[in-house]
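Asker: Got query16.pdb for you, PDB, C-alpha atoms:
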ATOM      1  CA  MET I   1     -12.100  25.790   6.652
ATOM      2  CA  SER I   2     -10.906  22.172   6.473
ATOM      3  CA  VAL I   3     -11.347  19.093   4.273
ATOM      4  CA  THR I   4     -11.085  15.461   5.414
ATOM      5  CA  VAL I   5     -10.573  12.422   3.196
ATOM      6  CA  ARG I   6     -10.382   8.710   3.880
ATOM      7  CA  VAL I   7      -7.817   6.602   2.012
ATOM      8  CA  PRO I   8      -7.226   2.821   2.059
ATOM      9  CA  ALA I   9      -4.290   0.494   2.585
ATOM     10  CA  LYS I  10      -3.344  -2.016  -0.102
ATOM     11  CA  VAL I  11      -2.240  -5.590  -0.440
ATOM     12  CA  ASN I  12      -0.381  -7.011  -3.421
ATOM     13  CA  ALA I  13      -2.111 -10.161  -4.642
ATOM     14  CA  GLN I  14       0.791 -10.513  -7.077
ATOM     15  CA  LEU I  15       4.094  -8.666  -7.189
ATOM     16  CA  ALA I  16       6.199  -9.773 -10.152
ATOM     17  CA  VAL I  17       9.563  -7.978 -10.273
ATOM     18  CA  GLY I  18      11.846  -7.600 -13.260
ATOM     19  CA  ALA I  19      15.577  -6.933 -13.322
ATOM     20  CA  ALA I  20      16.931  -3.574 -12.174
ATOM     21  CA  ARG I  21      16.627  -0.850 -14.820
ATOM     22  CA  PRO I  22      19.378   1.689 -15.580
ATOM     23  CA  ASP I  23      17.456   4.261 -13.486
ATOM     24  CA  GLY I  24      17.566   1.926 -10.470
ATOM     25  CA  PHE I  25      13.860   1.089 -10.564
ATOM     26  CA  HIS I  26      12.420  -2.308 -11.525
ATOM     27  CA  ASP I  27       9.646  -3.051 -13.998
ATOM     28  CA  LEU I  28       6.711  -4.610 -12.149
ATOM     29  CA  ALA I  29       3.489  -6.479 -12.722
ATOM     30  CA  ASN I  30       1.758  -5.431  -9.525
ATOM     31  CA  VAL I  31      -1.800  -6.581  -8.819
ATOM     32  CA  PHE I  32      -3.113  -4.152  -6.226
ATOM     33  CA  LEU I  33      -6.143  -4.681  -4.023
ATOM     34  CA  ALA I  34      -7.302  -1.845  -1.773
ATOM     35  CA  VAL I  35      -8.311  -3.163   1.652
ATOM     36  CA  GLY I  36     -10.585  -1.733   4.311
ATOM     37  CA  LEU I  37      -7.964  -0.284   6.638
ATOM     38  CA  TYR I  38      -7.927   3.497   6.368
ATOM     39  CA  ASP I  39      -6.044   6.635   7.254
ATOM     40  CA  GLU I  40      -7.987   9.886   7.464
ATOM     41  CA  VAL I  41      -6.201  13.024   6.265
ATOM     42  CA  THR I  42      -7.504  16.475   7.222
ATOM     43  CA  VAL I  43      -6.126  19.665   5.689
ATOM     44  CA  THR I  44      -6.875  23.055   7.234
ATOM     45  CA  GLU I  45      -5.849  26.546   6.160
ATOM     46  CA  ALA I  46      -2.818  27.640   8.213
ATOM     47  CA  ASP I  47       0.004  30.191   8.385
ATOM     48  CA  GLU I  48       2.595  27.635   7.242
ATOM     49  CA  LEU I  49       2.874  24.048   6.052
ATOM     50  CA  ARG I  50       2.957  21.610   8.938
ATOM     51  CA  VAL I  51       2.143  17.936   9.501
ATOM     52  CA  THR I  52       0.796  16.229  12.625
ATOM     53  CA  CYS I  53      -0.089  12.587  13.135
ATOM     54  CA  ALA I  54      -1.998  10.534  15.710
ATOM     55  CA  GLY I  55      -2.752   6.836  16.032
ATOM     56  CA  PRO I  56      -0.810   3.540  16.203
ATOM     57  CA  ASP I  57       2.928   4.014  15.537
ATOM     58  CA  ALA I  58       2.384   7.738  14.889
ATOM     59  CA  GLY I  59       5.798   8.406  16.420
ATOM     60  CA  GLU I  60       7.415   6.667  13.451
ATOM     61  CA  VAL I  61       5.785   8.963  10.875
ATOM     62  CA  PRO I  62       8.029  11.798   9.619
ATOM     63  CA  LEU I  63       6.492  15.206  10.230
ATOM     64  CA  ASP I  64       8.810  17.218   7.992
ATOM     65  CA  ARG I  65       8.676  17.849   4.251
ATOM     66  CA  THR I  66       9.816  14.307   3.452
ATOM     67  CA  ASN I  67       6.324  13.114   4.421
ATOM     68  CA  LEU I  68       4.447  12.295   1.201
ATOM     69  CA  ALA I  69       1.419  14.257   2.415
ATOM     70  CA  ALA I  70       3.565  17.394   2.746
ATOM     71  CA  ARG I  71       5.191  16.715  -0.615
ATOM     72  CA  ALA I  72       1.751  16.382  -2.230
ATOM     73  CA  ALA I  73       0.746  19.808  -0.913
ATOM     74  CA  LEU I  74       4.018  21.317  -2.126
ATOM     75  CA  VAL I  75       3.711  19.871  -5.650
ATOM     76  CA  LEU I  76       0.069  20.886  -6.102
ATOM     77  CA  ALA I  77       0.733  24.389  -4.748
ATOM     78  CA  GLY I  78       3.758  24.734  -7.039
ATOM     79  CA  ARG I  79       1.749  23.781 -10.110
ATOM     80  CA  TYR I  80      -0.944  26.351  -9.328
ATOM     81  CA  GLY I  81       1.350  29.154  -8.156
ATOM     82  CA  ARG I  82       0.003  29.346  -4.650
ATOM     83  CA  SER I  83       1.353  29.004  -1.127
ATOM     84  CA  PRO I  84       1.263  25.503   0.418
ATOM     85  CA  ASP I  85       0.256  26.876   3.825
ATOM     86  CA  VAL I  86      -1.890  24.120   5.310
ATOM     87  CA  HIS I  87      -1.963  22.055   8.471
ATOM     88  CA  ILE I  88      -2.106  18.384   7.430
ATOM     89  CA  HIS I  89      -3.315  16.054  10.165
ATOM     90  CA  ILE I  90      -3.066  12.302   9.616
ATOM     91  CA  ALA I  91      -5.275  10.009  11.728
ATOM     92  CA  LYS I  92      -3.201   6.873  11.247
ATOM     93  CA  ASP I  93      -4.752   3.421  11.195
ATOM     94  CA  ILE I  94      -2.759   1.816   8.341
ATOM     95  CA  PRO I  95       0.322   0.039   9.759
ATOM     96  CA  VAL I  96       3.484   2.152   9.455
ATOM     97  CA  ALA I  97       6.401   0.808   7.349
ATOM     98  CA  GLY I  98       4.446  -2.382   6.854
ATOM     99  CA  GLY I  99       4.318  -2.869   3.081
ATOM    100  CA  MET I 100       0.704  -1.658   2.945
ATOM    101  CA  ALA I 101       1.349   1.764   1.338
ATOM    102  CA  GLY I 102       0.335   3.857   4.341
ATOM    103  CA  GLY I 103       2.675   6.703   3.397
ATOM    104  CA  SER I 104       1.482   6.565  -0.208
ATOM    105  CA  ALA I 105      -2.113   6.641   1.013
ATOM    106  CA  ASP I 106      -1.394   9.804   2.999
ATOM    107  CA  GLY I 107       0.170  11.420  -0.064
ATOM    108  CA  ALA I 108      -2.846  10.650  -2.246
ATOM    109  CA  GLY I 109      -5.217  11.746   0.515
ATOM    110  CA  ALA I 110      -3.469  15.064   1.097
ATOM    111  CA  LEU I 111      -3.403  15.745  -2.643
ATOM    112  CA  VAL I 112      -7.163  15.274  -3.049
ATOM    113  CA  ALA I 113      -7.896  17.182   0.172
ATOM    114  CA  CYS I 114      -5.729  20.155  -0.841
ATOM    115  CA  ASP I 115      -7.299  20.198  -4.298
ATOM    116  CA  ALA I 116     -10.737  20.431  -2.656
ATOM    117  CA  LEU I 117      -9.648  23.005  -0.037
ATOM    118  CA  TRP I 118      -7.958  25.278  -2.565
ATOM    119  CA  GLY I 119     -10.490  24.802  -5.349
ATOM    120  CA  THR I 120      -7.729  24.080  -7.843
ATOM    121  CA  ASN I 121     -10.046  21.664  -9.717
ATOM    122  CA  ALA I 122      -7.166  19.580 -11.041
ATOM    123  CA  SER I 123      -8.271  16.902 -13.495
ATOM    124  CA  ARG I 124      -8.081  13.250 -12.496
ATOM    125  CA  ASP I 125      -5.252  12.761 -15.003
ATOM    126  CA  GLU I 126      -3.306  15.627 -13.455
ATOM    127  CA  LEU I 127      -3.849  14.255  -9.955
ATOM    128  CA  LEU I 128      -2.618  10.840 -11.107
ATOM    129  CA  ASP I 129       0.399  12.475 -12.757
ATOM    130  CA  ILE I 130       1.296  14.184  -9.469
ATOM    131  CA  CYS I 131       0.755  10.876  -7.643
ATOM    132  CA  ALA I 132       3.224   9.138  -9.974
ATOM    133  CA  GLU I 133       5.735  11.928  -9.313
ATOM    134  CA  LEU I 134       5.367  11.325  -5.573
ATOM    135  CA  GLY I 135       5.885   7.549  -5.648
ATOM    136  CA  SER I 136       5.126   4.251  -7.381
ATOM    137  CA  ASP I 137       2.237   3.224  -5.087
ATOM    138  CA  VAL I 138       0.600   6.647  -4.747
ATOM    139  CA  PRO I 139      -1.564   6.502  -7.904
ATOM    140  CA  PHE I 140      -3.234   3.290  -6.738
ATOM    141  CA  SER I 141      -3.951   4.825  -3.327
ATOM    142  CA  LEU I 142      -5.983   7.463  -5.139
ATOM    143  CA  VAL I 143      -7.809   5.000  -7.406
ATOM    144  CA  GLY I 144      -8.474   2.104  -4.994
ATOM    145  CA  GLY I 145     -10.491  -0.962  -5.954
ATOM    146  CA  ALA I 146      -8.283  -3.353  -7.879
ATOM    147  CA  ALA I 147      -5.733  -2.569 -10.563
ATOM    148  CA  LEU I 148      -2.715  -3.910 -12.409
ATOM    149  CA  GLY I 149       0.280  -1.621 -12.002
ATOM    150  CA  THR I 150       3.003  -1.787 -14.653
ATOM    151  CA  GLY I 151       6.134   0.271 -15.297
ATOM    152  CA  ARG I 152       7.401   0.781 -11.742
ATOM    153  CA  GLY I 153       3.812   0.240 -10.587
ATOM    154  CA  GLU I 154       2.465   3.685 -11.423
ATOM    155  CA  LYS I 155       0.769   2.835 -14.759
ATOM    156  CA  LEU I 156      -2.634   1.481 -13.736
ATOM    157  CA  SER I 157      -5.217  -0.646 -15.520
ATOM    158  CA  PRO I 158      -8.426  -1.236 -13.524
ATOM    159  CA  LEU I 159      -9.363  -4.864 -12.827
ATOM    160  CA  GLU I 160     -12.786  -6.433 -12.442
ATOM    161  CA  VAL I 161     -13.473  -8.111  -9.094
ATOM    162  CA  GLY I 162     -16.427 -10.465  -8.779
ATOM    163  CA  GLY I 163     -16.674 -10.752  -5.019
ATOM    164  CA  THR I 164     -15.329  -9.828  -1.594
ATOM    165  CA  PHE I 165     -12.052 -11.250  -0.324
ATOM    166  CA  HIS I 166     -11.256 -11.521   3.385
ATOM    167  CA  TRP I 167      -7.741 -10.920   4.713
ATOM    168  CA  VAL I 168      -5.853 -11.123   7.979
ATOM    169  CA  PHE I 169      -2.720  -8.980   8.410
ATOM    170  CA  ALA I 170       0.006  -9.751  10.941
ATOM    171  CA  MET I 171       2.290  -6.833  11.824
ATOM    172  CA  ALA I 172       5.922  -7.449  12.753
ATOM    173  CA  ASP I 173       8.069  -5.473  15.169
ATOM    174  CA  GLY I 174       9.868  -2.679  13.310
ATOM    175  CA  GLY I 175       9.793  -1.923   9.602
ATOM    176  CA  LEU I 176      11.621  -3.029   6.490
ATOM    177  CA  SER I 177      13.106  -0.479   4.110
ATOM    178  CA  THR I 178      11.656  -0.926   0.623
ATOM    179  CA  PRO I 179      14.960   0.108  -1.063
ATOM    180  CA  ALA I 180      16.823  -2.403   1.142
ATOM    181  CA  VAL I 181      14.435  -5.193   0.121
ATOM    182  CA  PHE I 182      14.920  -4.366  -3.573
ATOM    183  CA  ARG I 183      18.703  -4.338  -3.080
ATOM    184  CA  GLU I 184      18.456  -7.776  -1.489
ATOM    185  CA  PHE I 185      16.289  -8.922  -4.424
ATOM    186  CA  ASP I 186      19.056  -7.757  -6.789
ATOM    187  CA  ARG I 187      21.704  -9.528  -4.719
ATOM    188  CA  LEU I 188      19.774 -12.798  -4.685
ATOM    189  CA  ALA I 189      19.098 -12.514  -8.435
ATOM    190  CA  GLU I 190      22.727 -11.768  -9.346
ATOM    191  CA  GLY I 191      23.945 -14.014 -12.149
ATOM    192  CA  THR I 192      20.452 -15.250 -13.046
ATOM    193  CA  ASP I 193      18.092 -14.324 -15.865
ATOM    194  CA  VAL I 194      15.234 -12.417 -14.259
ATOM    195  CA  PRO I 195      12.105 -12.912 -16.403
ATOM    196  CA  GLU I 196       9.969 -10.026 -17.583
ATOM    197  CA  PRO I 197       7.195  -9.416 -15.038
ATOM    198  CA  VAL I 198       3.795 -10.580 -16.284
ATOM    199  CA  ALA I 199       0.439 -10.673 -14.508
ATOM    200  CA  SER I 200      -0.839 -14.174 -13.771
ATOM    201  CA  GLU I 201      -3.844 -15.044 -15.956
ATOM    202  CA  ASP I 202      -5.053 -17.485 -13.274
ATOM    203  CA  LEU I 203      -4.923 -14.740 -10.651
ATOM    204  CA  LEU I 204      -6.766 -12.203 -12.811
ATOM    205  CA  ALA I 205      -9.444 -14.810 -13.596
ATOM    206  CA  ALA I 206      -9.830 -15.632  -9.887
ATOM    207  CA  LEU I 207     -10.332 -11.948  -9.075
ATOM    208  CA  GLU I 208     -12.898 -11.526 -11.824
ATOM    209  CA  LYS I 209     -14.856 -14.592 -10.687
ATOM    210  CA  GLY I 210     -14.573 -13.771  -6.981
ATOM    211  CA  ASP I 211     -13.046 -17.239  -6.468
ATOM    212  CA  THR I 212     -11.207 -17.163  -3.134
ATOM    213  CA  ALA I 213      -9.704 -20.654  -3.421
ATOM    214  CA  ALA I 214      -8.351 -19.950  -6.905
ATOM    215  CA  LEU I 215      -6.951 -16.593  -5.777
ATOM    216  CA  ALA I 216      -5.231 -18.293  -2.831
ATOM    217  CA  ALA I 217      -3.547 -20.735  -5.222
ATOM    218  CA  ALA I 218      -2.295 -17.885  -7.427
ATOM    219  CA  LEU I 219      -0.948 -15.384  -4.847
ATOM    220  CA  SER I 220       2.746 -14.566  -5.332
ATOM    221  CA  ASN I 221       5.386 -12.018  -4.343
ATOM    222  CA  ASP I 222       8.819 -11.979  -5.970
ATOM    223  CA  LEU I 223      10.110  -9.796  -3.120
ATOM    224  CA  GLN I 224       9.228 -12.389  -0.486
ATOM    225  CA  PRO I 225      12.574 -14.264  -0.601
ATOM    226  CA  ALA I 226      14.409 -10.951  -0.131
ATOM    227  CA  ALA I 227      12.155  -9.932   2.767
ATOM    228  CA  LEU I 228      12.658 -13.353   4.405
ATOM    229  CA  SER I 229      16.410 -13.086   3.886
ATOM    230  CA  LEU I 230      16.455  -9.763   5.761
ATOM    231  CA  ARG I 231      13.870 -10.839   8.353
ATOM    232  CA  PRO I 232      13.938 -14.677   8.713
ATOM    233  CA  SER I 233      11.400 -14.571  11.562
ATOM    234  CA  LEU I 234       8.658 -13.770   9.026
ATOM    235  CA  ALA I 235       8.752 -17.434   8.008
ATOM    236  CA  ASP I 236       7.413 -18.319  11.475
ATOM    237  CA  THR I 237       4.532 -15.873  11.041
ATOM    238  CA  LEU I 238       3.674 -17.306   7.619
ATOM    239  CA  ALA I 239       3.715 -20.830   9.032
ATOM    240  CA  ALA I 240       1.545 -19.789  11.989
ATOM    241  CA  GLY I 241      -1.061 -18.227   9.697
ATOM    242  CA  ARG I 242      -1.292 -21.320   7.529
ATOM    243  CA  GLU I 243      -1.532 -23.554  10.607
ATOM    244  CA  ALA I 244      -4.318 -21.298  11.905
ATOM    245  CA  GLY I 245      -6.397 -22.064   8.822
ATOM    246  CA  ALA I 246      -5.497 -19.405   6.249
ATOM    247  CA  LEU I 247      -5.894 -20.556   2.645
ATOM    248  CA  ALA I 248      -2.614 -18.831   1.730
ATOM    249  CA  GLY I 249      -0.160 -16.322   3.134
ATOM    250  CA  LEU I 250       2.516 -14.060   1.741
ATOM    251  CA  VAL I 251       4.648 -11.064   2.663
ATOM    252  CA  SER I 252       2.722  -7.884   1.817
ATOM    253  CA  GLY I 253       4.737  -5.880  -0.717
ATOM    254  CA  SER I 254       8.232  -5.297   0.659
ATOM    255  CA  GLY I 255       7.070  -6.328   4.156
ATOM    256  CA  PRO I 256       7.353  -6.892   6.990
ATOM    257  CA  THR I 257       3.562  -7.220   7.298
ATOM    258  CA  THR I 258       2.323 -10.678   6.302
ATOM    259  CA  ALA I 259      -1.054 -11.069   4.603
ATOM    260  CA  PHE I 260      -3.308 -14.122   4.834
ATOM    261  CA  LEU I 261      -6.249 -14.845   2.540
ATOM    262  CA  VAL I 262      -9.086 -16.634   4.328
ATOM    263  CA  ALA I 263     -12.398 -18.142   3.266
ATOM    264  CA  ASP I 264     -14.832 -15.722   4.926
ATOM    265  CA  ALA I 265     -15.335 -13.216   7.760
ATOM    266  CA  GLU I 266     -15.760 -15.981  10.339
ATOM    267  CA  SER I 267     -12.465 -17.563   9.273
ATOM    268  CA  ALA I 268     -10.781 -14.166   9.452
ATOM    269  CA  TYR I 269     -11.774 -13.839  13.109
ATOM    270  CA  SER I 270     -10.545 -17.362  13.906
ATOM    271  CA  VAL I 271      -7.212 -16.995  12.105
ATOM    272  CA  ALA I 272      -6.642 -13.562  13.662
ATOM    273  CA  GLU I 273      -7.236 -14.885  17.178
ATOM    274  CA  ARG I 274      -4.784 -17.746  16.696
ATOM    275  CA  LEU I 275      -2.155 -15.436  15.197
ATOM    276  CA  ARG I 276      -2.530 -13.028  18.142
ATOM    277  CA  THR I 277      -1.518 -15.801  20.539
ATOM    278  CA  SER I 278       1.154 -17.361  18.299
ATOM    279  CA  GLY I 279       4.004 -15.205  19.566
ATOM    280  CA  THR I 280       5.129 -14.581  15.970
ATOM    281  CA  CYS I 281       3.777 -11.045  15.431
ATOM    282  CA  ARG I 282       3.181  -7.741  17.206
ATOM    283  CA  SER I 283      -0.458  -7.183  16.280
ATOM    284  CA  VAL I 284      -3.152  -8.491  13.945
ATOM    285  CA  ARG I 285      -5.841  -6.789  11.833
ATOM    286  CA  THR I 286      -8.628  -8.055   9.602
ATOM    287  CA  ALA I 287     -10.043  -6.349   6.522
ATOM    288  CA  SER I 288     -11.935  -7.096   3.335
ATOM    289  CA  ALA I 289     -11.189  -6.127  -0.257
ATOM    290  CA  PRO I 290     -11.704  -4.412  -2.573
ATOM    291  CA  ALA I 291     -12.168  -1.008  -0.930
ATOM    292  CA  PRO I 292     -12.735   2.403  -2.544
ATOM    293  CA  GLY I 293      -9.874   4.804  -3.172
ATOM    294  CA  VAL I 294      -9.633   8.336  -1.766
ATOM    295  CA  THR I 295     -13.066   9.423  -0.508
ATOM    296  CA  LEU I 296     -14.071  12.916   0.607
ATOM    297  CA  LEU I 297     -15.827  12.789   3.989
TER     298      LEU I 297
END
Do you think you could lay out the structure here as structure tokens?

Answerer:
Amino acid sequence: MSVTVRVPAKVNAQLAVGAARPDGFHDLANVFLAVGLYDEVTVTEADELRVTCAGPDAGEVPLDRTNLAARAALVLAGRYGRSPDVHIHIAKDIPVAGGMAGGSADGAGALVACDALWGTNASRDELLDICAELGSDVPFSLVGGAALGTGRGEKLSPLEVGGTFHWVFAMADGGLSTPAVFREFDRLAEGTDVPEPVASEDLLAALEKGDTAALAAALSNDLQPAALSLRPSLADTLAAGREAGALAGLVSGSGPTTAFLVADAESAYSVAERLRTSGTCRSVRTASAPAPGVTLL
């Protein structure tokens, strides 16, 4: 018997970052949008826990117990006193190490799939609690849609979205380590007063109204200067996207993927084609938002 789920990538329409906390994390005001790029996670009864992966950049995905999908199976099995013996197969379509929460998506997907396979019938609150234990972005991968993440991003408040937003994503060569980007943020902020992270009222209003132009004007990412410091070439990609006709562009999360908000599906195609030939990125994808969270197939 096996269970397959589909789980989306995310983009951060706003990522406001506070000063480092004593525990090493940072308080965030993180406006998540789930976008229509998906991984599919299949769990099948097996003699032992193992992980396989296929798809773009699959060779960069860890297949041991550090993989969030494996960790999700281990945590759920531990809570219910059962063996975590499943084969987890990830059909990867979300860019790897790209600031789009692909690993978090796989963790949320494996958790829901194992819950269905094993019949553990965990409550939604318990699933979200396990997600938060696995990582800051994992709860949103389960929920999808649009949400404001506070704390370190794991405390979610759903947001109303009044329309569809079209995005173009440009993938860079290689990844960027999220901890390294936060360390660079701390280095750049040294000696300054870092304000408390607060969600932008203009951005939340733009989402609720479905106003693409207003959303473009309000996009922001406090980690972008740190990502650009570690990977200066991303500035060329951002410039190329804007020159191609994007309404706005920003580094997605901790990067190195760059995300461009465009007016409509036709504009997405045009901007994507120009980015593909710009020489500033490895590959380009288009997707719309919001998208649903983990879905059983």

Asker: What gap, in Å, lies between atom CA of Asp193 of chain I and atom CA of Asp27 of chain I?

Answerer: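 Value for the atom CA of Asp193 of chain I-atom CA of Asp27 of chain I distance: 14.2 Å.
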
Asker: I need the residue nearest Thr66 of chain I from this list: I:Ala180, I:Leu134, I:Leu156, I:Val11. Use all atoms listed in the file for the distance.

Answerer: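 Ranking I:Ala180, I:Leu134, I:Leu156, I:Val11 by distance to Thr66 of chain I, first place goes to I:Leu134.
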
Asker: Between atom CA of Val51 of chain I and atom CA of Arg65 of chain I, what is the spacing in Å?

Answerer: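 Answer for the atom CA of Arg65 of chain I to atom CA of Val51 of chain I separation: 8.4 Å.
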
Asker: If the PyMOL selection byres ((chain I and resi 202-204) around 9) is run on the structure shown, which residues does it catch, given as a ChimeraX atom specification?

Answerer: /I:13-14,31,159-161,199-201,205-209,214-219

Asker: Provide the atom CA of Leu148 of chain I to atom CA of Ala116 of chain I distance in Å, to one decimal place.

Answerer: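 Taking atom CA of Leu148 of chain I as the start and atom CA of Ala116 of chain I as the end point, the length is 27.4 Å.
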
Asker: Of the candidates I:Ala239, I:Leu275, I:Ala226, I:Leu76, which shows the shortest atom-to-atom distance to Val168 of chain I, using all atoms listed in the file?

Answerer: I:Leu275

Asker: Applied to the shown file, which residues does the PyMOL selection byres ((chain I and resi 17-24) around 12) return, written as a ChimeraX atom specification?

Answerer: /I:14-16,25-31,149-153,179,181-199,220-226,253-254

Asker: With C-alpha atoms retained, export the selected residues as a PDB file, keeping the file's coordinate frame.

Answerer:
ATOM      1  CA  GLN I  14       0.791 -10.513  -7.077  1.00  0.00           C
ATOM      2  CA  LEU I  15       4.094  -8.666  -7.189  1.00  0.00           C
ATOM      3  CA  ALA I  16       6.199  -9.773 -10.152  1.00  0.00           C
ATOM      4  CA  PHE I  25      13.860   1.089 -10.564  1.00  0.00           C
ATOM      5  CA  HIS I  26      12.420  -2.308 -11.525  1.00  0.00           C
ATOM      6  CA  ASP I  27       9.646  -3.051 -13.998  1.00  0.00           C
ATOM      7  CA  LEU I  28       6.711  -4.610 -12.149  1.00  0.00           C
ATOM      8  CA  ALA I  29       3.489  -6.479 -12.722  1.00  0.00           C
ATOM      9  CA  ASN I  30       1.758  -5.431  -9.525  1.00  0.00           C
ATOM     10  CA  VAL I  31      -1.800  -6.581  -8.819  1.00  0.00           C
ATOM     11  CA  GLY I 149       0.280  -1.621 -12.002  1.00  0.00           C
ATOM     12  CA  THR I 150       3.003  -1.787 -14.653  1.00  0.00           C
ATOM     13  CA  GLY I 151       6.134   0.271 -15.297  1.00  0.00           C
ATOM     14  CA  ARG I 152       7.401   0.781 -11.742  1.00  0.00           C
ATOM     15  CA  GLY I 153       3.812   0.240 -10.587  1.00  0.00           C
ATOM     16  CA  PRO I 179      14.960   0.108  -1.063  1.00  0.00           C
ATOM     17  CA  VAL I 181      14.435  -5.193   0.121  1.00  0.00           C
ATOM     18  CA  PHE I 182      14.920  -4.366  -3.573  1.00  0.00           C
ATOM     19  CA  ARG I 183      18.703  -4.338  -3.080  1.00  0.00           C
ATOM     20  CA  GLU I 184      18.456  -7.776  -1.489  1.00  0.00           C
ATOM     21  CA  PHE I 185      16.289  -8.922  -4.424  1.00  0.00           C
ATOM     22  CA  ASP I 186      19.056  -7.757  -6.789  1.00  0.00           C
ATOM     23  CA  ARG I 187      21.704  -9.528  -4.719  1.00  0.00           C
ATOM     24  CA  LEU I 188      19.774 -12.798  -4.685  1.00  0.00           C
ATOM     25  CA  ALA I 189      19.098 -12.514  -8.435  1.00  0.00           C
ATOM     26  CA  GLU I 190      22.727 -11.768  -9.346  1.00  0.00           C
ATOM     27  CA  GLY I 191      23.945 -14.014 -12.149  1.00  0.00           C
ATOM     28  CA  THR I 192      20.452 -15.250 -13.046  1.00  0.00           C
ATOM     29  CA  ASP I 193      18.092 -14.324 -15.865  1.00  0.00           C
ATOM     30  CA  VAL I 194      15.234 -12.417 -14.259  1.00  0.00           C
ATOM     31  CA  PRO I 195      12.105 -12.912 -16.403  1.00  0.00           C
ATOM     32  CA  GLU I 196       9.969 -10.026 -17.583  1.00  0.00           C
ATOM     33  CA  PRO I 197       7.195  -9.416 -15.038  1.00  0.00           C
ATOM     34  CA  VAL I 198       3.795 -10.580 -16.284  1.00  0.00           C
ATOM     35  CA  ALA I 199       0.439 -10.673 -14.508  1.00  0.00           C
ATOM     36  CA  SER I 220       2.746 -14.566  -5.332  1.00  0.00           C
ATOM     37  CA  ASN I 221       5.386 -12.018  -4.343  1.00  0.00           C
ATOM     38  CA  ASP I 222       8.819 -11.979  -5.970  1.00  0.00           C
ATOM     39  CA  LEU I 223      10.110  -9.796  -3.120  1.00  0.00           C
ATOM     40  CA  GLN I 224       9.228 -12.389  -0.486  1.00  0.00           C
ATOM     41  CA  PRO I 225      12.574 -14.264  -0.601  1.00  0.00           C
ATOM     42  CA  ALA I 226      14.409 -10.951  -0.131  1.00  0.00           C
ATOM     43  CA  GLY I 253       4.737  -5.880  -0.717  1.00  0.00           C
ATOM     44  CA  SER I 254       8.232  -5.297   0.659  1.00  0.00           C
TER      45      SER I 254
END

Asker: Write out as a ChimeraX atom specification the residues lying within 7 Å of Arg50 of chain I, counting only C-alpha atoms and excluding same-chain residues fewer than 4 positions away.

Answerer: /I:86-88
